[in-house]
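**Student:** File follows, query26.cif with mmCIF, C-alpha atoms:
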data_query
#
loop_
_atom_site.label_atom_id
_atom_site.label_comp_id
_atom_site.auth_asym_id
_atom_site.auth_seq_id
_atom_site.Cartn_x
_atom_site.Cartn_y
_atom_site.Cartn_z
CA MET A 1 -5.01 -35.20 -33.83
CA GLU A 2 -6.09 -31.61 -33.56
CA LYS A 3 -9.23 -32.72 -31.83
CA GLU A 4 -7.21 -34.53 -29.20
CA GLU A 5 -5.28 -31.36 -28.40
CA ALA A 6 -8.48 -29.36 -28.22
CA LYS A 7 -9.85 -31.90 -25.75
CA GLY A 8 -6.80 -31.52 -23.54
CA PHE A 9 -7.19 -27.78 -23.51
CA GLY A 10 -10.97 -27.79 -23.20
CA LEU A 11 -11.44 -27.74 -19.46
CA ASN A 12 -8.61 -25.31 -18.75
CA ARG A 13 -9.92 -22.89 -21.35
CA TRP A 14 -13.34 -22.72 -19.73
CA LEU A 15 -11.71 -22.43 -16.34
CA VAL A 16 -9.74 -19.39 -17.53
CA VAL A 17 -12.85 -17.78 -19.02
CA LEU A 18 -14.77 -18.49 -15.81
CA LEU A 19 -12.01 -16.92 -13.71
CA LEU A 20 -11.89 -13.84 -15.95
CA VAL A 21 -15.66 -13.33 -15.73
CA ALA A 22 -15.59 -13.93 -11.98
CA GLY A 23 -12.75 -11.43 -11.70
CA VAL A 24 -14.73 -8.77 -13.54
CA PHE A 25 -17.78 -9.34 -11.32
CA ILE A 26 -15.80 -9.44 -8.11
CA THR A 27 -13.89 -6.26 -8.91
CA GLY A 28 -17.23 -4.64 -9.63
CA ARG A 29 -18.61 -5.76 -6.27
CA PHE A 30 -15.50 -5.17 -4.14
CA ALA A 31 -13.69 -2.23 -5.63
CA PRO A 32 -9.89 -2.43 -5.30
CA ILE A 33 -8.26 -0.05 -2.87
CA THR A 34 -5.04 1.87 -3.27
CA PRO A 35 -2.84 0.39 -0.58
CA HIS A 36 -0.77 2.46 1.78
CA ILE A 37 2.52 2.83 -0.09
CA GLN A 38 5.79 3.09 1.78
CA LEU A 39 9.32 2.26 0.78
CA PRO A 40 10.74 0.42 3.85
CA GLY A 41 9.24 -2.95 4.70
CA GLU A 42 6.49 -2.68 7.27
CA PRO A 43 7.04 -4.42 10.62
CA ILE A 44 4.48 -7.15 11.25
CA THR A 45 5.67 -8.19 14.71
CA ASP A 46 6.59 -6.27 17.83
CA VAL A 47 10.26 -5.86 18.61
CA LEU A 48 11.53 -9.41 19.08
CA PHE A 49 14.90 -8.62 20.69
CA THR A 50 17.30 -5.72 20.85
CA LEU A 51 21.01 -5.92 20.14
CA PRO A 52 23.35 -3.33 21.67
CA ILE A 53 24.68 -1.57 18.56
CA LEU A 54 22.39 -2.77 15.81
CA GLY A 55 19.16 -1.80 17.55
CA PRO A 56 15.76 -3.46 17.70
CA PHE A 57 14.94 -6.49 15.59
CA TYR A 58 11.51 -7.27 14.21
CA LEU A 59 10.06 -9.26 11.34
CA THR A 60 9.08 -7.23 8.29
CA ASN A 61 6.67 -8.41 5.65
CA THR A 62 9.37 -8.33 2.97
CA LEU A 63 11.57 -10.60 5.10
CA LEU A 64 8.67 -13.01 5.55
CA ALA A 65 8.20 -13.03 1.77
CA THR A 66 11.90 -13.78 1.34
CA LEU A 67 11.53 -16.75 3.70
CA LEU A 68 8.58 -17.93 1.59
CA VAL A 69 10.76 -17.63 -1.51
CA ASP A 70 13.45 -19.72 0.19
CA LEU A 71 10.87 -22.37 1.09
CA VAL A 72 9.65 -22.51 -2.50
CA LEU A 73 13.22 -22.86 -3.79
CA PHE A 74 13.90 -25.66 -1.29
CA ALA A 75 10.70 -27.40 -2.34
CA ILE A 76 11.68 -27.17 -6.00
CA ALA A 77 15.16 -28.48 -5.21
CA PHE A 78 13.73 -31.47 -3.37
CA ALA A 79 11.25 -32.12 -6.17
CA VAL A 80 14.08 -32.05 -8.70
CA VAL A 81 16.22 -34.43 -6.65
CA ARG A 82 13.32 -36.83 -6.13
CA SER A 83 12.40 -37.01 -9.80
CA MET A 84 16.00 -37.42 -10.93
CA GLY A 85 16.03 -41.23 -10.92
CA ASP A 86 19.19 -43.20 -11.71
CA GLU A 87 21.78 -42.20 -14.26
CA ASN A 88 20.58 -44.41 -17.11
CA SER A 89 16.94 -43.41 -17.19
CA PRO A 90 16.12 -40.23 -19.13
CA PRO A 91 15.27 -37.24 -16.95
CA ARG A 92 11.56 -36.55 -16.58
CA GLY A 93 9.30 -34.12 -14.83
CA TRP A 94 10.98 -31.53 -12.59
CA ALA A 95 14.44 -32.87 -13.25
CA ASN A 96 13.96 -32.57 -17.00
CA ALA A 97 12.67 -29.01 -16.79
CA PHE A 98 15.48 -27.87 -14.53
CA GLU A 99 18.12 -29.67 -16.51
CA ALA A 100 17.05 -27.57 -19.48
CA ILE A 101 17.08 -24.32 -17.50
CA VAL A 102 20.36 -24.95 -15.71
CA GLY A 103 21.95 -26.26 -18.89
CA ALA A 104 21.02 -23.14 -20.84
CA LEU A 105 22.33 -20.96 -18.02
CA TYR A 106 25.57 -22.90 -17.84
CA ASN A 107 26.09 -22.50 -21.58
CA ILE A 108 25.74 -18.73 -21.29
CA VAL A 109 28.15 -18.64 -18.35
CA GLU A 110 30.66 -20.85 -20.10
CA SER A 111 30.60 -18.81 -23.29
CA THR A 112 31.54 -15.70 -21.29
CA ALA A 113 33.64 -16.91 -18.39
CA GLY A 114 35.57 -19.72 -20.08
CA LYS A 115 37.60 -21.82 -17.66
CA TRP A 116 36.22 -19.97 -14.61
CA ALA A 117 32.66 -21.03 -15.50
CA LYS A 118 32.55 -23.73 -12.80
CA THR A 119 33.41 -21.20 -10.08
CA ILE A 120 31.20 -18.36 -11.30
CA PHE A 121 28.18 -20.39 -12.34
CA PRO A 122 26.79 -21.17 -8.84
CA TRP A 123 26.76 -17.47 -7.92
CA VAL A 124 25.08 -16.42 -11.13
CA ALA A 125 22.49 -19.20 -10.98
CA THR A 126 21.75 -18.67 -7.28
CA SER A 127 21.13 -14.95 -7.50
CA LEU A 128 19.22 -15.34 -10.76
CA LEU A 129 16.91 -18.07 -9.46
CA LEU A 130 16.40 -16.31 -6.12
CA ILE A 131 15.46 -13.00 -7.74
CA LEU A 132 13.32 -14.70 -10.37
CA THR A 133 11.37 -16.63 -7.73
CA ALA A 134 11.03 -13.54 -5.55
CA ASN A 135 9.75 -11.45 -8.45
CA TRP A 136 7.30 -14.04 -9.68
CA LEU A 137 5.90 -14.99 -6.28
CA ARG A 138 4.88 -11.34 -5.92
CA ILE A 139 2.04 -12.06 -8.36
CA LEU A 140 0.39 -14.49 -5.91
CA PRO A 141 -2.92 -13.17 -4.55
CA ILE A 142 -1.82 -13.46 -0.91
CA PHE A 143 0.80 -10.76 -1.46
CA GLU A 144 -0.11 -7.25 -0.31
CA THR A 145 -3.69 -8.25 0.47
CA ILE A 146 -3.90 -10.25 3.71
CA GLY A 147 -2.48 -8.80 6.89
CA TRP A 148 -3.05 -7.05 10.19
CA MET A 149 -5.63 -4.31 10.12
CA HIS A 150 -4.88 -1.20 12.08
CA GLU A 151 -6.18 2.31 12.38
CA ALA A 152 -4.74 4.66 9.78
CA HIS A 153 -3.00 7.86 10.79
CA GLU A 154 -4.80 9.81 8.11
CA GLY A 155 -7.40 8.80 5.56
CA GLY A 156 -7.94 5.08 5.66
CA TYR A 157 -11.03 3.15 4.71
CA GLU A 158 -14.19 1.81 6.22
CA ALA A 159 -13.92 -1.68 7.73
CA ARG A 160 -16.63 -4.36 7.59
CA GLU A 161 -16.75 -7.72 9.30
CA LEU A 162 -16.51 -10.74 7.00
CA ILE A 163 -16.73 -13.52 9.60
CA GLN A 164 -16.00 -13.55 13.31
CA GLY A 165 -12.63 -11.90 13.85
CA VAL A 166 -11.89 -11.38 10.17
CA GLU A 167 -12.59 -8.01 8.64
CA TYR A 168 -12.05 -6.42 5.29
CA ILE A 169 -11.84 -2.83 4.19
CA VAL A 170 -14.05 -1.37 1.51
CA ALA A 171 -13.44 1.57 -0.79
CA GLU A 172 -15.47 4.05 1.22
CA GLU A 173 -14.31 7.13 2.99
CA ALA A 174 -14.11 6.42 6.68
CA HIS A 175 -16.76 8.22 8.66
CA ASP A 176 -16.05 9.85 12.05
CA GLY A 177 -12.34 9.80 11.22
CA HIS A 178 -11.66 6.16 12.11
CA GLY A 179 -10.19 4.80 8.89
CA TYR A 180 -8.39 1.50 8.71
CA GLU A 181 -5.54 0.23 6.59
CA ILE A 182 -3.77 -3.09 6.19
CA ILE A 183 -0.21 -4.10 6.90
CA PRO A 184 0.16 -7.13 4.63
CA PHE A 185 1.92 -10.28 5.80
CA PHE A 186 3.74 -10.61 2.49
CA ARG A 187 5.24 -7.95 0.26
CA GLY A 188 7.56 -8.62 -2.66
CA SER A 189 11.09 -9.09 -1.33
CA SER A 190 12.61 -6.97 -4.10
CA THR A 191 10.55 -3.96 -3.02
CA ASP A 192 12.76 -3.71 0.07
CA LEU A 193 16.16 -2.06 -0.24
CA ASN A 194 17.53 -4.46 2.39
CA PHE A 195 17.06 -7.46 0.11
CA THR A 196 18.55 -5.88 -2.99
CA ALA A 197 21.43 -4.17 -1.20
CA ALA A 198 22.33 -7.40 0.60
CA LEU A 199 22.41 -9.26 -2.71
CA ALA A 200 24.45 -6.51 -4.35
CA LEU A 201 26.98 -6.37 -1.49
CA THR A 202 27.36 -10.16 -1.47
CA THR A 203 27.87 -10.18 -5.22
CA ILE A 204 30.49 -7.43 -5.29
CA VAL A 205 32.42 -8.84 -2.33
CA MET A 206 32.38 -12.21 -4.07
CA VAL A 207 33.73 -10.56 -7.22
CA GLN A 208 36.68 -9.15 -5.26
CA ILE A 209 37.37 -12.56 -3.72
CA LEU A 210 37.28 -14.18 -7.16
CA GLY A 211 39.71 -11.55 -8.39
CA VAL A 212 42.10 -12.31 -5.53
CA ARG A 213 41.77 -16.02 -6.21
CA ALA A 214 42.65 -15.46 -9.85
CA HIS A 215 45.55 -13.01 -9.45
CA GLY A 216 46.58 -13.17 -5.80
CA VAL A 217 47.64 -9.87 -4.24
CA ASN A 218 48.28 -8.58 -7.74
CA TYR A 219 44.54 -8.02 -8.04
CA PHE A 220 44.71 -4.91 -5.89
CA SER A 221 47.15 -3.28 -8.29
CA LYS A 222 43.98 -2.49 -10.22
CA PHE A 223 43.10 0.00 -7.48
CA LEU A 224 46.57 1.06 -6.30
CA SER A 225 48.69 1.07 -9.41
CA PHE A 226 52.18 2.12 -8.34
CA GLY A 227 53.72 -0.32 -10.79
CA SER A 228 54.43 2.30 -13.40
CA PHE A 229 56.33 4.43 -10.84
CA PHE A 230 58.87 1.67 -10.40
CA SER A 231 59.17 1.07 -14.09
CA MET A 232 59.84 4.82 -14.46
CA TRP A 233 63.16 4.44 -12.56
CA ARG A 234 64.29 1.62 -14.79
CA ARG A 235 63.99 3.69 -17.93
CA LYS A 236 67.13 5.14 -19.49
CA ARG A 237 65.43 7.94 -21.34
CA LEU A 238 62.31 9.57 -19.94
CA GLY A 239 59.83 11.11 -22.30
CA PRO A 240 57.19 13.51 -20.95
CA PHE A 241 54.53 10.83 -21.38
CA ASP A 242 56.41 8.41 -19.09
CA VAL A 243 56.34 10.98 -16.30
CA ILE A 244 52.65 11.73 -16.62
CA MET A 245 51.54 8.13 -17.02
CA PRO A 246 51.99 6.97 -13.37
CA PHE A 247 49.77 9.76 -12.12
CA ILE A 248 47.12 8.90 -14.68
CA ASN A 249 47.33 5.28 -13.55
CA ILE A 250 46.78 6.27 -9.92
CA PHE A 251 43.79 8.34 -10.95
CA VAL A 252 42.41 5.42 -12.94
CA GLY A 253 42.89 3.23 -9.86
CA ILE A 254 40.84 5.64 -7.77
CA LEU A 255 38.14 5.60 -10.43
CA GLU A 256 38.13 1.78 -10.34
CA LEU A 257 37.72 1.87 -6.59
CA ILE A 258 34.77 4.27 -6.87
CA SER A 259 33.22 2.18 -9.60
CA GLU A 260 33.15 -0.85 -7.28
CA PHE A 261 30.98 1.11 -4.85
CA ALA A 262 28.91 2.47 -7.71
CA LYS A 263 28.28 -1.11 -8.80
CA VAL A 264 26.75 -1.91 -5.41
CA VAL A 265 24.50 1.15 -5.60
CA SER A 266 23.47 0.54 -9.19
CA PHE A 267 22.83 -3.18 -8.56
CA SER A 268 20.57 -2.55 -5.59
CA PHE A 269 18.68 0.44 -6.94
CA ARG A 270 18.07 -1.07 -10.35
CA LEU A 271 16.28 -4.07 -8.88
CA LEU A 272 14.49 -2.04 -6.22
CA GLY A 273 13.34 0.65 -8.65
CA ALA A 274 12.08 -1.76 -11.29
CA ILE A 275 10.10 -3.93 -8.89
CA PHE A 276 8.86 -1.24 -6.51
CA GLY A 277 7.86 0.92 -9.47
CA GLY A 278 6.00 -2.07 -10.89
CA ALA A 279 4.20 -2.61 -7.58
CA ILE A 280 3.04 1.01 -7.50
CA LEU A 281 2.04 0.87 -11.16
CA PHE A 282 -0.04 -2.22 -10.41
CA ALA A 283 -1.70 -0.56 -7.41
CA VAL A 284 -2.57 2.54 -9.43
CA ILE A 285 -3.85 0.64 -12.48
CA THR A 286 -5.92 -1.64 -10.24
CA THR A 287 -7.64 1.39 -8.76
CA LEU A 288 -8.17 3.12 -12.09
CA VAL A 289 -9.30 0.24 -14.32
CA PRO A 290 -9.93 -2.77 -12.06
CA MET A 291 -11.36 -4.95 -14.84
CA VAL A 292 -8.22 -5.20 -16.95
CA SER A 293 -5.58 -4.93 -14.27
CA PHE A 294 -4.48 -8.54 -14.86
CA GLY A 295 -2.83 -7.28 -18.05
CA ILE A 296 -0.29 -5.47 -15.90
CA MET A 297 0.56 -8.81 -14.31
CA PHE A 298 2.04 -10.02 -17.59
CA LEU A 299 4.20 -6.92 -17.64
CA GLU A 300 5.22 -7.72 -14.06
CA LEU A 301 6.18 -11.25 -15.03
CA PHE A 302 8.26 -9.93 -17.91
CA VAL A 303 9.97 -7.21 -15.88
CA GLY A 304 10.66 -9.66 -13.07
CA ALA A 305 12.30 -12.12 -15.46
CA VAL A 306 14.33 -9.42 -17.21
CA GLN A 307 15.58 -7.94 -13.94
CA ALA A 308 16.57 -11.39 -12.69
CA LEU A 309 18.38 -12.07 -15.98
CA VAL A 310 20.09 -8.69 -15.85
CA PHE A 311 21.26 -9.26 -12.28
CA GLY A 312 22.64 -12.66 -13.21
CA MET A 313 24.31 -11.43 -16.39
CA LEU A 314 25.92 -8.43 -14.66
CA THR A 315 27.21 -10.73 -11.91
CA LEU A 316 28.66 -12.91 -14.65
CA VAL A 317 30.28 -9.99 -16.47
CA PHE A 318 31.78 -8.39 -13.35
CA ALA A 319 33.11 -11.72 -12.12
CA THR A 320 34.60 -12.48 -15.53
CA VAL A 321 36.23 -9.06 -15.74
CA ALA A 322 37.74 -9.62 -12.29
CA THR A 323 39.17 -13.01 -13.25
CA ILE A 324 40.65 -12.20 -16.66
CA SER A 325 44.09 -10.66 -16.68
CA HIS A 326 44.14 -6.88 -16.42
CA GLY A 327 47.91 -6.58 -16.20
CA ASP A 328 48.32 -5.09 -19.66
CA GLU A 329 50.15 -2.10 -18.16
CA GLU A 330 53.32 -4.13 -18.13
CA HIS A 331 52.73 -5.28 -21.69
CA GLY A 332 51.89 -1.77 -22.72
CA GLU A 333 55.17 -0.40 -21.43
CA ALA A 334 57.23 -3.12 -23.01
CA HIS A 335 56.94 -1.46 -26.37
CA MET B 1 1.85 32.16 5.30
CA ASP B 2 -1.15 30.21 6.48
CA PRO B 3 0.17 26.79 7.57
CA GLU B 4 -2.62 24.99 5.71
CA VAL B 5 -1.77 26.78 2.50
CA ALA B 6 1.91 26.04 3.05
CA GLU B 7 1.15 22.33 3.44
CA ILE B 8 -0.86 22.22 0.24
CA LEU B 9 1.90 24.12 -1.53
CA VAL B 10 4.53 21.67 -0.28
CA SER B 11 2.56 18.64 -1.45
CA GLY B 12 1.95 20.30 -4.82
CA LEU B 13 5.64 21.08 -5.22
CA ARG B 14 6.39 17.48 -4.26
CA TYR B 15 4.33 16.20 -7.19
CA LEU B 16 5.99 18.75 -9.44
CA GLY B 17 9.43 17.62 -8.31
CA ALA B 18 8.58 13.96 -8.90
CA GLY B 19 7.39 14.82 -12.38
CA LEU B 20 10.54 16.81 -13.11
CA ALA B 21 12.72 13.98 -11.83
CA MET B 22 11.17 11.64 -14.38
CA ILE B 23 12.52 13.82 -17.22
CA GLY B 24 15.68 11.80 -16.66
CA THR B 25 14.00 8.85 -18.38
CA LEU B 26 14.28 10.73 -21.68
CA GLY B 27 17.95 9.84 -22.06
CA ALA B 28 17.35 6.21 -21.18
CA GLY B 29 14.59 6.00 -23.77
CA LEU B 30 16.89 7.42 -26.42
CA GLY B 31 19.67 5.06 -25.40
CA ILE B 32 17.47 1.98 -25.47
CA GLY B 33 16.13 3.03 -28.86
CA ILE B 34 19.63 3.34 -30.27
CA LEU B 35 20.62 0.01 -28.72
CA GLY B 36 17.56 -1.74 -30.14
CA SER B 37 18.21 -0.30 -33.57
CA GLY B 38 21.82 -1.40 -33.49
CA ALA B 39 20.89 -4.90 -32.36
CA MET B 40 18.22 -5.21 -35.07
CA GLN B 41 20.73 -4.22 -37.74
CA GLY B 42 23.23 -6.66 -36.34
CA ILE B 43 20.70 -9.49 -36.36
CA ALA B 44 19.55 -8.58 -39.87
CA ARG B 45 23.11 -8.71 -41.14
CA ASN B 46 24.03 -11.86 -39.25
CA PRO B 47 20.99 -13.85 -38.14
CA ASP B 48 23.20 -16.64 -36.76
CA ALA B 49 24.51 -14.32 -34.06
CA ALA B 50 21.00 -13.45 -32.86
CA GLY B 51 21.39 -15.24 -29.53
CA ALA B 52 24.63 -13.58 -28.52
CA ILE B 53 23.42 -10.20 -29.74
CA GLN B 54 20.21 -10.50 -27.75
CA ILE B 55 21.99 -11.27 -24.49
CA ASN B 56 24.45 -8.42 -24.95
CA MET B 57 21.62 -6.10 -25.98
CA ILE B 58 19.66 -6.90 -22.82
CA LEU B 59 22.80 -6.29 -20.78
CA ALA B 60 23.44 -2.93 -22.42
CA ILE B 61 19.78 -1.99 -22.11
CA ALA B 62 20.06 -2.73 -18.39
CA PHE B 63 22.84 -0.16 -18.12
CA ALA B 64 20.84 2.44 -20.04
CA GLU B 65 17.70 1.59 -18.12
CA ALA B 66 19.48 1.95 -14.80
CA VAL B 67 19.55 5.73 -15.30
CA ALA B 68 15.80 5.78 -15.83
CA ILE B 69 15.33 3.64 -12.74
CA TYR B 70 17.45 6.04 -10.68
CA ALA B 71 15.12 8.81 -11.81
CA LEU B 72 12.17 6.63 -10.87
CA VAL B 73 13.65 5.91 -7.45
CA VAL B 74 14.25 9.63 -6.87
CA ALA B 75 10.66 10.37 -7.87
CA LEU B 76 9.33 7.61 -5.61
CA VAL B 77 11.44 8.82 -2.70
CA ILE B 78 10.15 12.35 -3.21
CA LEU B 79 6.57 11.07 -3.25
CA PHE B 80 6.52 8.39 -0.57
CA VAL B 81 9.35 9.03 1.87
CA GLY B 82 9.24 11.75 4.47
#
Show this structure as structure tokens.

**Tutor:**
Amino acid sequence: MEKEEAKGFGLNRWLVVLLLVAGVFITGRFAPITPHIQLPGEPITDVLFTLPILGPFYLTNTLLATLLVDLVLFAIAFAVVRSMGDENSPPRGWANAFEAIVGALYNIVESTAGKWAKTIFPWVATSLLLILTANWLRILPIFETIGWMHEAHEGGYEARELIQGVEYIVAEEAHDGHGYEIIPFFRGSSTDLNFTAALALTTIVMVQILGVRAHGVNYFSKFLSFGSFFSMWRRKRLGPFDVIMPFINIFVGILELISEFAKVVSFSFRLLGAIFGGAILFAVITTLVPMVSFGIMFLELFVGAVQALVFGMLTLVFATVATISHGDEEHGEAH
Amino acid sequence: MDPEVAEILVSGLRYLGAGLAMIGTLGAGLGIGILGSGAMQGIARNPDAAGAIQINMILAIAFAEAVAIYALVVALVILFVG
């Protein structure tokens, strides 16, 4: 039986070894180059159209990568639907794999959110899968390598022609001051603040809407808590604590309001920092020790998965906190 | 001051500032260490709860780690923006 397994693995094992050896030789022949690092996504098209207030619109490489991520997710969804079969047959292939993943996710959501699980789950799963796919697609070789070549403002590298019309840059100082650099077609979507901030804003706005759905207008008493003022009038005897408490409640409400904005900031910068930092780490390690840089890719896979999980879990926790009752002020004053 | 010298000085100070900004990761490291230790003890005492503890640990680590990532973002902004 063991032999059978070894046979199944045999070809793949040699393929992996071959790829590793080829990688070592190729990195020796074509030394990796530190890419031009910048935080905003680089534009890869000219200005497409201009809107009056919002300004010029163009396609950035991070947006193109996000579209690629969407395509991949659609493809997976279609593959899952196609392999689903009828209700009686056991799930196989894509459907089986995703039933396991989605089932595990749903269990986590249900254990935290309780009866609101059905409402919260799609948001958690969507953002988690989107971020996970975006973070893992970054590992593909086409990312941050293929793109338009243009003359660098300063520094830059020597360009050589590969075939007609296709050039590549080599790790040599540019002579006579005409260095070139590359604007890649694809760059990891999470390395752009636009992607992460959009996700964070959507999530937090959704959390507020869920809160309103759960409590109605009462939800906003979390931010503007005048309730204890009214209950102050109804008291027969006023202790000093009863007079101070309403003001404390208002202050707490202001803090809650600030914390909602802080959530947006922390959501977006956590994802951006982790993934952009990873991208820079990868670029630096690739330049320093090109032979073993694939080790960093495992770290990237891990960090990408953890950040996706963290985003999903925080969405879950915030949404659950918004839906569960927070009106314990009234209960607190009853005794 | 000679403008060339000033430019070199500014870029040097920029690296220094980025390095100083990363001191902020110290607290996150401590926090994650404490969290990991607490989770390990919890799992050792009650191995059945390992799953729930792990998820909550990762969540809490994310909060602690966020501070380190803010420091990282500040350092990256100092280095690569402007």

**Student:** Spell out the residues picked by the PyMOL selection byres ((chain A) within 10 of (chain B)) here, as a list of chain:residue names.

**Tutor:**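 When the PyMOL selection byres ((chain A) within 10 of (chain B)) is applied to the shown file, the picked residues are A:His36, A:Ile37, A:Gln38, A:Leu39, A:Pro40, A:Ile108, A:Ser111, A:Val265, A:Ser266, A:Phe267, A:Phe269, A:Arg270, A:Leu271, A:Leu272, A:Gly273, A:Ala274, A:Ile275, A:Phe276, A:Gly277, A:Ile280, A:Val306, A:Gln307, A:Leu309, A:Val310, A:Phe311, A:Gly312, A:Met313, A:Leu314, A:Val317.
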
**Student:** Counting all atoms listed in the file, which residue out of A:Val69, A:Gly211, A:Leu137, A:Arg13 sits closest to Thr119 of chain A?

**Tutor:**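 So, comparing all the options, the nearest one is A:Gly211.
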
**Student:** In terms of the shortest atom-to-atom distance over all atoms listed in the file, which of B:Met1, B:Ala6, B:Ala21, B:Met57 is closest to Gly36 of chain B?

**Tutor:**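 Counting all atoms listed in the file, the residue closest to Gly36 of chain B is B:Met57.
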
**Student:** Nearest residue to Ile44 of chain A out of A:His150, A:Leu199, A:Val109, A:Trp14, using all atoms listed in the file?

**Tutor:**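 For Ile44 of chain A, the nearest of the given residues is A:His150.
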
**Student:** For Thr133 of chain A, which residue out of A:Ile146, A:Met297, A:Val284, A:Leu71 is the nearest one, using only C-alpha atoms?

**Tutor:** A:Leu71

**Student:** Quick one, how far is atom CA of Val16 of chain A from atom CA of Gly295 of chain A?

**Tutor:**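 Atom-to-atom, atom CA of Val16 of chain A and atom CA of Gly295 of chain A are spaced 14.0 Å apart.
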
**Student:** Just the residues within 12 Å of Val207 of chain A, please, counting all atoms listed in the file, with nothing from its chain fewer than 5 positions along; format it as a compact mmCIF listing (two decimals) with C-alpha atoms, in the coordinates of the input.

**Tutor:**
# COMPACT_ATOMS: atom_id res chain seq x y z
CA THR A 119 33.41 -21.20 -10.08
CA ILE A 120 31.20 -18.36 -11.30
CA TRP A 123 26.76 -17.47 -7.92
CA VAL A 124 25.08 -16.42 -11.13
CA ALA A 200 24.45 -6.51 -4.35
CA LEU A 201 26.98 -6.37 -1.49
CA THR A 202 27.36 -10.16 -1.47
CA VAL A 212 42.10 -12.31 -5.53
CA ARG A 213 41.77 -16.02 -6.21
CA ALA A 214 42.65 -15.46 -9.85
CA TYR A 219 44.54 -8.02 -8.04
CA GLU A 260 33.15 -0.85 -7.28
CA LYS A 263 28.28 -1.11 -8.80
CA VAL A 264 26.75 -1.91 -5.41
CA LEU A 314 25.92 -8.43 -14.66
CA THR A 315 27.21 -10.73 -11.91
CA LEU A 316 28.66 -12.91 -14.65
CA VAL A 317 30.28 -9.99 -16.47
CA PHE A 318 31.78 -8.39 -13.35
CA ALA A 319 33.11 -11.72 -12.12
CA THR A 320 34.60 -12.48 -15.53
CA VAL A 321 36.23 -9.06 -15.74
CA ALA A 322 37.74 -9.62 -12.29
CA THR A 323 39.17 -13.01 -13.25
CA ILE A 324 40.65 -12.20 -16.66

**Student:** From the set A:Thr287, A:Thr27, A:Ser231, A:Asn61, which residue has the shortest atom-to-atom contact distance to Phe195 of chain A, counting all atoms listed in the file?

**Tutor:** A:Asn61

**Student:** Could you tell me, as a PyMOL selection string, exactly which residues end up selected when the PyMOL selection byres ((chain A and resi 35) around 9) is applied to this structure?

**Tutor:** chain A and resi 32-34+36-37+144-145+181-182+283

**Student:** Which residues are close to Val81 of chain A, i.e. within 12 Å by all atoms listed in the file, leaving aside same-chain residues fewer than 2 positions away? Reply as a PyMOL selection string.

**Tutor:** chain A and resi 74-79+83-86+91-96+98-99

**Student:** Could you check how far atom CA of Gly42 of chain B sits from atom CA of Leu132 of chain A, in Å to one decimal?

**Tutor:**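 Spanning atom CA of Gly42 of chain B to atom CA of Leu132 of chain A is a straight-line distance of 28.9 Å.
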
**Student:** Can you spit out segment 3-11 of chain B with N, CA, C and O atoms, as a JSON list (two decimals), in the first residue's frame, from the structure just given?

**Tutor:**
[["chain", "number", "residue", "atom", "x", "y", "z"],
["B", 3, "PRO", "N", 23.25, 72.14, -0.07],
["B", 3, "PRO", "CA", 22.00, 71.41, -0.33],
["B", 3, "PRO", "C", 22.21, 69.91, -0.48],
["B", 3, "PRO", "O", 21.35, 69.10, -0.10],
["B", 4, "GLU", "N", 23.35, 69.50, -1.04],
["B", 4, "GLU", "CA", 23.60, 68.07, -1.19],
["B", 4, "GLU", "C", 23.72, 67.38, 0.16],
["B", 4, "GLU", "O", 23.16, 66.32, 0.39],
["B", 5, "VAL", "N", 24.46, 68.07, 1.05],
["B", 5, "VAL", "CA", 24.63, 67.52, 2.40],
["B", 5, "VAL", "C", 23.28, 67.44, 3.10],
["B", 5, "VAL", "O", 22.96, 66.46, 3.77],
["B", 6, "ALA", "N", 22.48, 68.51, 2.90],
["B", 6, "ALA", "CA", 21.16, 68.53, 3.55],
["B", 6, "ALA", "C", 20.31, 67.37, 3.07],
["B", 6, "ALA", "O", 19.62, 66.72, 3.86],
["B", 7, "GLU", "N", 20.39, 67.07, 1.77],
["B", 7, "GLU", "CA", 19.59, 65.97, 1.23],
["B", 7, "GLU", "C", 20.00, 64.63, 1.84],
["B", 7, "GLU", "O", 19.16, 63.81, 2.24],
["B", 8, "ILE", "N", 21.32, 64.44, 1.92],
["B", 8, "ILE", "CA", 21.82, 63.19, 2.51],
["B", 8, "ILE", "C", 21.38, 63.09, 3.96],
["B", 8, "ILE", "O", 20.94, 62.03, 4.43],
["B", 9, "LEU", "N", 21.47, 64.24, 4.66],
["B", 9, "LEU", "CA", 21.07, 64.26, 6.06],
["B", 9, "LEU", "C", 19.60, 63.90, 6.22],
["B", 9, "LEU", "O", 19.23, 63.10, 7.09],
["B", 10, "VAL", "N", 18.77, 64.47, 5.33],
["B", 10, "VAL", "CA", 17.33, 64.19, 5.41],
["B", 10, "VAL", "C", 17.05, 62.71, 5.18],
["B", 10, "VAL", "O", 16.27, 62.07, 5.91],
["B", 11, "SER", "N", 17.71, 62.12, 4.18],
["B", 11, "SER", "CA", 17.44, 60.70, 3.92],
["B", 11, "SER", "C", 17.94, 59.84, 5.07],
["B", 11, "SER", "O", 17.31, 58.84, 5.43]]
